[in-house]
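**Q** Below: one structure in structure tokens.
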Amino acid sequence: MTIPTKETTYWCHIQKLDESFATKQHIVQFEPIIISPDLVHHLEVFHCETEPQVEIPLYNGDCVKMPVEAKVCSKVISLWAMGASTFTYPPETGLPVGGKDYNPFVRLEVHFNNPELK
């Protein structure tokens with residue numbers, strides 16, 4: 001991915017979860033890997049809340065130009081902001097994802113803050 005060179009950019013990536021999510025899974029930990037900590041301000045992962053058979057167009061680009069079909073990708077399932085660390089659910093819980101009634105598309109949104117225009 002190319003890091004945008006504007007002062008502030010919201011970059012979106014829509015991804016289809018792989019076949020392992022055809023059955024319900026539980027996310028037990030979120031740990032972002034940030035390779036440009038001086039540019040990444042925050043990020044969010046959204047689930048596409050719609051019928052399981054609905055296909056959302058794959059996308060990687062400026063969120064302003066995101067396909068209109070992706071408007072359903074708005075339920076926050078994870079987030080990270082500067083200064084935050086790994087988030088781990090308690091041992092007796094987790095975030096359920098996947099299964100026959102779960103739409104397999106998610107959207108990653110990254111806010112790049114680049115005041116020095118690197």
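Scheme for the structure tokens: letters A, B, ... for chains in order shown; per-chain residue numbers from 1; ligand numbers from 1 in order shown.
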Contacts between region 41-50 of chain A and region 55-91 of chain A, please, where a residue of region 55-91 of chain A counts if it comes within 8 Å (with only C-alpha atoms); show its shortest atom pair and distance in Å to one decimal, rows by chain and ascending number, as a Markdown table.

**A**
| residue | atom | partner | partner_atom | distance |
| --- | --- | --- | --- | --- |
| A:Ala70 | CA | A:Cys48 | CA | 7.3 |
| A:Val72 | CA | A:Cys48 | CA | 5.2 |
| A:Cys73 | CA | A:Cys48 | CA | 3.6 |
| A:Ser74 | CA | A:Phe46 | CA | 5.3 |
| A:Lys75 | CA | A:Phe46 | CA | 5.0 |
| A:Val76 | CA | A:Phe46 | CA | 4.4 |
| A:Ile77 | CA | A:Phe46 | CA | 5.5 |
| A:Ser78 | CA | A:Val45 | CA | 5.0 |
| A:Leu79 | CA | A:Glu44 | CA | 4.2 |
| A:Trp80 | CA | A:Leu43 | CA | 5.3 |
| A:Ala81 | CA | A:His42 | CA | 4.1 |
| A:Met82 | CA | A:His41 | CA | 5.7 |

**Q** Can you list, as a list in words, every residue of region 71-109 of chain A that DSSP puts in strand (DSSP E)?

**A** Cys73, Ser74, Lys75, Val76, Ile77, Ser78, Leu79, Trp80, Ala81, Phe87, Thr88, Leu95, Pro96, Val97, Phe105, Val106, Arg107, Leu108 and Glu109 of chain A

**Q** In terms of the shortest atom-to-atom distance over only C-alpha atoms, which of A:Val40, A:Val64, A:Val97, A:Leu58 is closest to Thr23 (chain A)?

**A**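 Closest residue, counting only C-alpha atoms: A:Val97.
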
**Q** Write out as a ChimeraX atom specification each polymer residue whose atoms come within 9 Å of Ile14 (chain A), counting only C-alpha atoms; drop sequence neighbours fewer than 5 positions from it.

**A** /A:56-60,70,73,105-109

**Q** When you look at Glu55 (chain A) with a cut-off of 9 Å (counting only C-alpha atoms), what residues show up, excluding the ones that are within fewer than 5 positions of it in the same chain? I need them as a list in words.

**A** Lys16, Glu69, Asn103, Pro104 and Phe105 of chain A

**Q** As an exercise, work out the distance from CA of Val110 (chain A) to CA of Tyr10 (chain A) in Å and give it to one decimal place.

**A**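 Pair CA of Val110 (chain A) / CA of Tyr10 (chain A) returns 5.6 Å.
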
**Q** With only C-alpha atoms as the basis for distance, which of A:Glu31, A:Trp11, A:Lys6, A:Tyr102 is at the shortest distance from Asp62 (chain A)?

**A** A:Trp11

**Q** Might you pull out every residue within 6 Å of region 83-90 of chain A, with only C-alpha atoms counted and same-chain residues fewer than 3 positions away left off, and present them as a CSV table (one decimal) with C-alpha atoms, in the first residue's frame?

**A**
chain,number,residue,atom,x,y,z
A,28,VAL,CA,-9.9,-13.2,21.2
A,29,GLN,CA,-7.3,-10.5,20.5
A,30,PHE,CA,-6.7,-7.5,18.3
A,31,GLU,CA,-3.1,-6.3,17.7
A,93,THR,CA,-15.4,-14.4,26.0
A,94,GLY,CA,-14.5,-13.3,22.5
